[in-house]
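Q: PDB, C-alpha atoms, file run30.pdb:
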```
ATOM      1  CA  MET A 146      -2.620  51.368 -42.148  1.00  0.00           C
ATOM      2  CA  VAL A 147      -1.614  54.987 -42.083  1.00  0.00           C
ATOM      3  CA  GLN A 148       1.583  56.966 -41.874  1.00  0.00           C
ATOM      4  CA  LEU A 149       2.221  60.530 -40.765  1.00  0.00           C
ATOM      5  CA  VAL A 150       3.985  62.502 -43.495  1.00  0.00           C
ATOM      6  CA  PRO A 151       5.281  66.036 -42.885  1.00  0.00           C
ATOM      7  CA  MET A 152       2.826  68.474 -44.450  1.00  0.00           C
ATOM      8  CA  THR A 153       3.868  70.229 -47.649  1.00  0.00           C
ATOM      9  CA  PRO A 154       3.520  74.028 -47.976  1.00  0.00           C
ATOM     10  CA  GLU A 155       0.647  73.519 -50.426  1.00  0.00           C
ATOM     11  CA  ASP A 156      -1.169  71.162 -48.076  1.00  0.00           C
ATOM     12  CA  PHE A 157      -0.546  73.557 -45.197  1.00  0.00           C
ATOM     13  CA  GLU A 158      -2.330  76.437 -46.966  1.00  0.00           C
ATOM     14  CA  ILE A 159      -5.367  74.245 -47.612  1.00  0.00           C
ATOM     15  CA  PHE A 160      -5.290  72.915 -44.046  1.00  0.00           C
ATOM     16  CA  LEU A 161      -4.951  76.356 -42.465  1.00  0.00           C
ATOM     17  CA  GLU A 162      -7.966  77.895 -44.186  1.00  0.00           C
ATOM     18  CA  ARG A 163     -10.116  74.855 -43.457  1.00  0.00           C
ATOM     19  CA  ASP A 164      -8.936  74.662 -39.847  1.00  0.00           C
ATOM     20  CA  ILE A 165      -9.620  78.350 -39.207  1.00  0.00           C
ATOM     21  CA  ARG A 166     -13.202  77.949 -40.434  1.00  0.00           C
ATOM     22  CA  GLU A 167     -13.834  74.677 -38.611  1.00  0.00           C
ATOM     23  CA  TYR A 168     -12.361  75.890 -35.324  1.00  0.00           C
ATOM     24  CA  ALA A 169     -14.542  79.009 -35.503  1.00  0.00           C
ATOM     25  CA  GLN A 170     -17.620  76.846 -36.068  1.00  0.00           C
ATOM     26  CA  GLU A 171     -16.726  74.522 -33.192  1.00  0.00           C
ATOM     27  CA  ARG A 172     -16.268  77.447 -30.775  1.00  0.00           C
ATOM     28  CA  VAL A 173     -19.685  78.803 -31.797  1.00  0.00           C
ATOM     29  CA  ARG A 174     -21.332  75.383 -31.468  1.00  0.00           C
ATOM     30  CA  ALA A 175     -19.773  74.911 -28.018  1.00  0.00           C
ATOM     31  CA  GLY A 176     -21.136  78.293 -26.926  1.00  0.00           C
ATOM     32  CA  PHE A 177     -17.813  80.082 -26.447  1.00  0.00           C
ATOM     33  CA  TRP A 178     -18.021  82.587 -29.317  1.00  0.00           C
ATOM     34  CA  SER A 179     -20.729  84.329 -31.307  1.00  0.00           C
ATOM     35  CA  GLU A 180     -21.054  83.837 -35.078  1.00  0.00           C
ATOM     36  CA  ALA A 181     -20.145  87.479 -35.638  1.00  0.00           C
ATOM     37  CA  GLU A 182     -16.751  87.241 -33.952  1.00  0.00           C
ATOM     38  CA  ALA A 183     -15.804  83.615 -34.547  1.00  0.00           C
ATOM     39  CA  LEU A 184     -13.887  83.775 -37.822  1.00  0.00           C
ATOM     40  CA  GLN A 185     -11.823  86.789 -36.784  1.00  0.00           C
ATOM     41  CA  ARG A 186     -10.990  85.257 -33.407  1.00  0.00           C
ATOM     42  CA  SER A 187     -10.053  81.949 -35.002  1.00  0.00           C
ATOM     43  CA  ARG A 188      -7.705  83.688 -37.449  1.00  0.00           C
ATOM     44  CA  LYS A 189      -6.094  85.596 -34.578  1.00  0.00           C
ATOM     45  CA  GLU A 190      -5.533  82.422 -32.546  1.00  0.00           C
ATOM     46  CA  HIS A 191      -4.084  80.558 -35.521  1.00  0.00           C
ATOM     47  CA  ARG A 192      -1.710  83.475 -36.270  1.00  0.00           C
ATOM     48  CA  ALA A 193      -0.541  83.467 -32.652  1.00  0.00           C
ATOM     49  CA  LEU A 194       0.021  79.708 -32.624  1.00  0.00           C
ATOM     50  CA  LEU A 195       1.611  79.485 -36.081  1.00  0.00           C
ATOM     51  CA  PRO A 196       3.417  82.826 -36.565  1.00  0.00           C
ATOM     52  CA  ASP A 197       5.835  81.257 -39.032  1.00  0.00           C
ATOM     53  CA  GLY A 198       3.314  79.032 -40.719  1.00  0.00           C
ATOM     54  CA  LEU A 199       4.530  75.529 -41.379  1.00  0.00           C
ATOM     55  CA  LYS A 200       7.928  76.424 -39.885  1.00  0.00           C
ATOM     56  CA  SER A 201       6.539  77.597 -36.532  1.00  0.00           C
ATOM     57  CA  ARG A 202       8.771  76.432 -33.700  1.00  0.00           C
ATOM     58  CA  TYR A 203       7.613  73.364 -31.731  1.00  0.00           C
ATOM     59  CA  HIS A 204       4.693  72.753 -34.113  1.00  0.00           C
ATOM     60  CA  HIS A 205       4.616  69.614 -36.233  1.00  0.00           C
ATOM     61  CA  LEU A 206       2.000  69.306 -38.964  1.00  0.00           C
ATOM     62  CA  TYR A 207       1.363  66.049 -40.759  1.00  0.00           C
ATOM     63  CA  THR A 208      -0.734  64.705 -43.559  1.00  0.00           C
ATOM     64  CA  ILE A 209      -2.227  61.348 -42.613  1.00  0.00           C
ATOM     65  CA  GLN A 210      -1.694  59.047 -45.571  1.00  0.00           C
ATOM     66  CA  GLU A 211      -3.255  55.677 -46.141  1.00  0.00           C
ATOM     67  CA  THR A 212      -0.316  53.386 -46.906  1.00  0.00           C
ATOM     68  CA  GLU A 213      -1.961  50.947 -49.324  1.00  0.00           C
ATOM     69  CA  ARG A 214      -3.450  53.446 -51.765  1.00  0.00           C
ATOM     70  CA  GLY A 215      -1.131  56.320 -50.838  1.00  0.00           C
ATOM     71  CA  GLY A 216      -3.737  59.077 -50.618  1.00  0.00           C
ATOM     72  CA  ALA A 217      -4.324  61.606 -47.872  1.00  0.00           C
ATOM     73  CA  VAL A 218      -7.095  60.746 -45.420  1.00  0.00           C
ATOM     74  CA  GLY A 219      -6.582  63.567 -42.913  1.00  0.00           C
ATOM     75  CA  VAL A 220      -4.300  65.900 -41.012  1.00  0.00           C
ATOM     76  CA  LEU A 221      -2.661  66.018 -37.600  1.00  0.00           C
ATOM     77  CA  TRP A 222      -1.174  69.009 -35.728  1.00  0.00           C
ATOM     78  CA  LEU A 223       1.103  68.438 -32.736  1.00  0.00           C
ATOM     79  CA  LYS A 224       2.892  70.959 -30.536  1.00  0.00           C
ATOM     80  CA  THR A 225       5.802  69.709 -28.454  1.00  0.00           C
ATOM     81  CA  ASP A 226       7.204  71.003 -25.178  1.00  0.00           C
ATOM     82  CA  LEU A 227      10.581  69.427 -24.530  1.00  0.00           C
ATOM     83  CA  ASP A 228      11.724  72.175 -22.170  1.00  0.00           C
ATOM     84  CA  SER A 229       9.558  71.180 -19.222  1.00  0.00           C
ATOM     85  CA  SER A 230      10.383  68.564 -16.617  1.00  0.00           C
ATOM     86  CA  ARG A 231       7.760  66.303 -18.217  1.00  0.00           C
ATOM     87  CA  ALA A 232       8.325  66.434 -21.964  1.00  0.00           C
ATOM     88  CA  SER A 233       4.900  66.520 -23.514  1.00  0.00           C
ATOM     89  CA  GLY A 234       2.952  67.067 -26.671  1.00  0.00           C
ATOM     90  CA  PHE A 235      -0.424  68.629 -27.281  1.00  0.00           C
ATOM     91  CA  ILE A 236      -2.577  67.593 -30.214  1.00  0.00           C
ATOM     92  CA  PHE A 237      -4.141  70.754 -31.614  1.00  0.00           C
ATOM     93  CA  ASP A 238      -5.970  68.996 -34.404  1.00  0.00           C
ATOM     94  CA  LEU A 239      -6.708  65.562 -35.728  1.00  0.00           C
ATOM     95  CA  GLU A 240      -9.075  65.535 -38.634  1.00  0.00           C
ATOM     96  CA  ILE A 241     -10.048  62.650 -40.825  1.00  0.00           C
ATOM     97  CA  LEU A 242     -11.587  63.835 -44.093  1.00  0.00           C
ATOM     98  CA  GLU A 243     -15.309  63.121 -44.402  1.00  0.00           C
ATOM     99  CA  PRO A 244     -15.150  60.237 -46.946  1.00  0.00           C
ATOM    100  CA  PHE A 245     -12.700  58.344 -44.709  1.00  0.00           C
ATOM    101  CA  ARG A 246     -14.385  58.722 -41.316  1.00  0.00           C
ATOM    102  CA  ARG A 247     -15.491  55.736 -39.244  1.00  0.00           C
ATOM    103  CA  LYS A 248     -13.014  53.426 -40.956  1.00  0.00           C
ATOM    104  CA  GLY A 249     -10.359  53.298 -38.231  1.00  0.00           C
ATOM    105  CA  TYR A 250      -8.018  55.942 -39.656  1.00  0.00           C
ATOM    106  CA  GLY A 251      -8.317  58.242 -36.623  1.00  0.00           C
ATOM    107  CA  ARG A 252      -7.356  55.478 -34.233  1.00  0.00           C
ATOM    108  CA  GLN A 253      -4.488  54.372 -36.468  1.00  0.00           C
ATOM    109  CA  ALA A 254      -3.210  57.957 -36.720  1.00  0.00           C
ATOM    110  CA  MET A 255      -3.286  58.316 -32.924  1.00  0.00           C
ATOM    111  CA  LEU A 256      -1.291  55.112 -32.499  1.00  0.00           C
ATOM    112  CA  GLU A 257       1.241  56.283 -35.093  1.00  0.00           C
ATOM    113  CA  LEU A 258       1.482  59.598 -33.266  1.00  0.00           C
ATOM    114  CA  GLU A 259       2.166  57.825 -29.983  1.00  0.00           C
ATOM    115  CA  ASN A 260       5.094  55.983 -31.601  1.00  0.00           C
ATOM    116  CA  LEU A 261       6.389  59.223 -33.105  1.00  0.00           C
ATOM    117  CA  ALA A 262       5.989  61.050 -29.774  1.00  0.00           C
ATOM    118  CA  ARG A 263       8.004  58.379 -27.964  1.00  0.00           C
ATOM    119  CA  SER A 264      10.773  58.684 -30.556  1.00  0.00           C
ATOM    120  CA  MET A 265      10.807  62.469 -29.938  1.00  0.00           C
ATOM    121  CA  GLY A 266      11.321  61.830 -26.222  1.00  0.00           C
ATOM    122  CA  LEU A 267       7.808  62.855 -25.193  1.00  0.00           C
ATOM    123  CA  ARG A 268       6.374  61.275 -22.058  1.00  0.00           C
ATOM    124  CA  GLN A 269       2.807  62.522 -22.295  1.00  0.00           C
ATOM    125  CA  LEU A 270       0.250  63.560 -24.915  1.00  0.00           C
ATOM    126  CA  GLY A 271      -2.719  65.818 -24.292  1.00  0.00           C
ATOM    127  CA  LEU A 272      -5.571  67.129 -26.384  1.00  0.00           C
ATOM    128  CA  HIS A 273      -8.825  69.031 -26.227  1.00  0.00           C
ATOM    129  CA  VAL A 274     -12.083  67.703 -27.575  1.00  0.00           C
ATOM    130  CA  PHE A 275     -15.380  69.531 -27.674  1.00  0.00           C
ATOM    131  CA  ALA A 276     -18.041  67.810 -25.569  1.00  0.00           C
ATOM    132  CA  HIS A 277     -20.425  67.521 -28.524  1.00  0.00           C
ATOM    133  CA  ASN A 278     -17.865  65.507 -30.523  1.00  0.00           C
ATOM    134  CA  GLU A 279     -18.901  62.138 -29.135  1.00  0.00           C
ATOM    135  CA  GLY A 280     -17.169  60.101 -31.849  1.00  0.00           C
ATOM    136  CA  ALA A 281     -13.772  61.654 -31.152  1.00  0.00           C
ATOM    137  CA  ARG A 282     -14.275  61.381 -27.412  1.00  0.00           C
ATOM    138  CA  ALA A 283     -14.995  57.656 -27.765  1.00  0.00           C
ATOM    139  CA  ILE A 284     -11.801  57.066 -29.760  1.00  0.00           C
ATOM    140  CA  TYR A 285      -9.636  59.001 -27.294  1.00  0.00           C
ATOM    141  CA  GLU A 286     -11.151  57.316 -24.243  1.00  0.00           C
ATOM    142  CA  ASN A 287     -10.714  53.912 -25.900  1.00  0.00           C
ATOM    143  CA  LEU A 288      -7.034  54.737 -26.419  1.00  0.00           C
ATOM    144  CA  GLY A 289      -6.599  55.511 -22.718  1.00  0.00           C
ATOM    145  CA  TYR A 290      -6.958  59.291 -22.612  1.00  0.00           C
ATOM    146  CA  LYS A 291      -8.511  60.511 -19.363  1.00  0.00           C
ATOM    147  CA  VAL A 292     -10.366  63.730 -18.582  1.00  0.00           C
ATOM    148  CA  ALA A 293      -7.929  66.164 -16.963  1.00  0.00           C
ATOM    149  CA  SER A 294     -10.156  69.250 -16.916  1.00  0.00           C
ATOM    150  CA  LEU A 295     -13.720  70.254 -17.753  1.00  0.00           C
ATOM    151  CA  ASN A 296     -15.282  73.514 -18.881  1.00  0.00           C
ATOM    152  CA  LEU A 297     -18.915  74.004 -17.945  1.00  0.00           C
ATOM    153  CA  LEU A 298     -21.258  76.638 -19.383  1.00  0.00           C
ATOM    154  CA  LYS A 299     -24.754  77.791 -18.586  1.00  0.00           C
ATOM    155  CA  ASP A 300     -26.660  80.135 -20.868  1.00  0.00           C
ATOM    156  CA  LEU A 301     -28.437  82.929 -19.008  1.00  0.00           C
TER     157      LEU A 301
END
```
Represent the structure from my file as structure tokens, please.
A:
Amino acid sequence: MVQLVPMTPEDFEIFLERDIREYAQERVRAGFWSEAEALQRSRKEHRALLPDGLKSRYHHLYTIQETERGGAVGVLWLKTDLDSSRASGFIFDLEILEPFRRKGYGRQAMLELENLARSMGLRQLGLHVFAHNEGARAIYENLGYKVASLNLLKDL
């Protein structure tokens, strides 16, 4: 089992640098950005989303901890929107650390998040997943997430 624990400032610094790099790589792999611009653009987007770091309004950052051994197995980043007519949350990132992948922790974290989201008064959760991330797509679809939009690209 896992639990979602609010991220510490130390964990946030580690997460942020890793997330900036990984998001840049994913945007390049998906064909949206070039290698030359990716890191700078990723930093800019992260600064815009998290202007106050861990204390950025509406953003909730968690360390995913395995309850039996107590160690971190990943991270989860949720943004809430309680001001709309349909209170919702958007999952900006769910990452299970490499040694713990394919052991059910991602699914467990998503189920924990759903419970947490309900307790926050959220009525809907959304997320984005890159098309090439078939493992994540399978987990989300298995949990009942449906495609709401598609981006299509063609190299010329």
Q: Given the file shown, determine the residues that the PyMOL selection byres ((chain A and resi 231) around 12) selects; report them as number ranges by chain.
A: A: 225-230, 232-234, 266-270
Q: Where does the PyMOL selection byres ((chain A and resi 157) around 12) land in this file, that is, which residues does it pick, as a VMD selection string?
A: chain A and resid 151 to 156 158 to 165 195 197 to 201 205 to 208 219 to 222
Q: Please write as a list in words the full residue list that the PyMOL selection byres ((chain A and resi 212) around 8) yields on this file.
A: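 Listing what the PyMOL selection byres ((chain A and resi 212) around 8) selects in the shown file: Met146, Val147, Gln148, Gln210, Glu211, Glu213, Arg214, Gly215 and Gly216 of chain A.
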Q: Interatomic distance between CA of Pro196 (chain A) and CA of Ser179 (chain A)?
A: 24.8 Å
Q: Find the distance between CA of Ala169 (chain A) and CA of Leu295 (chain A) and write it in Å to one decimal.
A: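 Between CA of Ala169 (chain A) and CA of Leu295 (chain A) the gap works out to 19.8 Å.
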Q: Once 5 Å is added on each side, what are the centre and the three edge lengths, in Å to one decimal, of the axis-aligned box enclosing the listed atoms of region 230-249 of chain A? Present them as lines of an AutoDock Vina configuration file.
A:
```
center_x = -2.6
center_y = 62.0
center_z = -31.8
size_x = 35.9
size_y = 27.5
size_z = 40.3
```
Q: Out of A:Gln253, A:Asn287, A:Asn260, A:Asn296, which residue has the shortest atom-to-atom distance to Gly176 (chain A) when counting only C-alpha atoms?
A: A:Asn296
Q: Taking all atoms listed in the file into account, which of A:Leu223, A:Leu184, A:Phe237, A:Gln170 comes nearest His273 (chain A)?
A: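 Of A:Leu223, A:Leu184, A:Phe237, A:Gln170, the one nearest His273 (chain A), counting all atoms listed in the file, is A:Phe237.
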Q: So how many Å separate CA of Ala293 (chain A) and CA of Arg172 (chain A), to one decimal?
A: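 One can read the CA of Ala293 (chain A) to CA of Arg172 (chain A) distance as 19.7 Å.
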Q: Using only C-alpha atoms, can you tell me which of A:Ala193, A:Leu258, A:Leu149, A:Val173 comes closest to Leu288 (chain A)?
A: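 Closest to Leu288 (chain A), using only C-alpha atoms: A:Leu258.
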Q: Taking into account only C-alpha atoms, which residue in the set A:Leu242, A:Phe177, A:Asn278, A:Glu182 is nearest to Leu298 (chain A)?
A: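 That would be A:Phe177, the residue with the smallest distance to Leu298 (chain A).
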Q: Please provide as a list in words all residues within 12 Å of His277 (chain A), with the sequence filter that same-chain residues fewer than 2 positions apart are discarded (counting all atoms listed in the file).
A: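 With the cut-off at 12 Å, the set is Glu171, Arg172, Val173, Arg174, Ala175, Gly176, His273, Val274, Phe275, Glu279, Gly280, Ala281, Arg282 and Ala283 of chain A.
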Q: Between A:Met265, A:Lys224, A:Ala276, A:Val218, which residue has the minimum interatomic distance to Lys248 (chain A), considering all atoms listed in the file?
A: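 Of A:Met265, A:Lys224, A:Ala276, A:Val218, the one nearest Lys248 (chain A) is A:Val218, counting all atoms listed in the file.
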Q: Using only C-alpha atoms, which residue out of A:Leu301, A:Leu256, A:His204, A:Lys291 lies closest to Asp238 (chain A)?
A: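 Among the listed residues, A:His204 lies closest to Asp238 (chain A).
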Q: Got a minute to add N, CA and C atoms to region 262-275 of chain A and dump it as a short mmCIF file (atom, residue, chain, number, x, y, z; two decimals), in the frame of the given file?
A:
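Full text of rebuild04.cif as output:
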```cif
data_model
loop_
_atom_site.label_atom_id
_atom_site.label_comp_id
_atom_site.auth_asym_id
_atom_site.auth_seq_id
_atom_site.Cartn_x
_atom_site.Cartn_y
_atom_site.Cartn_z
N ALA A 262 5.77 60.26 -30.99
CA ALA A 262 5.99 61.05 -29.77
C ALA A 262 7.05 60.39 -28.89
N ARG A 263 6.98 59.08 -28.75
CA ARG A 263 8.00 58.38 -27.96
C ARG A 263 9.39 58.58 -28.57
N SER A 264 9.47 58.51 -29.90
CA SER A 264 10.77 58.68 -30.56
C SER A 264 11.30 60.11 -30.41
N MET A 265 10.40 61.08 -30.18
CA MET A 265 10.81 62.47 -29.94
C MET A 265 11.22 62.69 -28.48
N GLY A 266 11.00 61.69 -27.64
CA GLY A 266 11.32 61.83 -26.22
C GLY A 266 10.16 62.35 -25.38
N LEU A 267 8.96 62.38 -25.95
CA LEU A 267 7.81 62.86 -25.19
C LEU A 267 7.34 61.77 -24.23
N ARG A 268 6.85 62.20 -23.08
CA ARG A 268 6.37 61.28 -22.06
C ARG A 268 4.87 61.35 -21.86
N GLN A 269 4.24 62.33 -22.50
CA GLN A 269 2.81 62.52 -22.30
C GLN A 269 2.22 63.23 -23.51
N LEU A 270 1.00 62.87 -23.87
CA LEU A 270 0.25 63.56 -24.92
C LEU A 270 -1.06 64.06 -24.33
N GLY A 271 -1.44 65.26 -24.71
CA GLY A 271 -2.72 65.82 -24.29
C GLY A 271 -3.47 66.32 -25.51
N LEU A 272 -4.75 66.60 -25.31
CA LEU A 272 -5.57 67.13 -26.38
C LEU A 272 -6.82 67.74 -25.79
N HIS A 273 -7.53 68.48 -26.60
CA HIS A 273 -8.82 69.03 -26.23
C HIS A 273 -9.84 68.48 -27.21
N VAL A 274 -11.00 68.14 -26.70
CA VAL A 274 -12.08 67.70 -27.58
C VAL A 274 -13.36 68.38 -27.10
N PHE A 275 -14.12 68.91 -28.03
CA PHE A 275 -15.38 69.53 -27.67
C PHE A 275 -16.35 68.46 -27.20
#
```
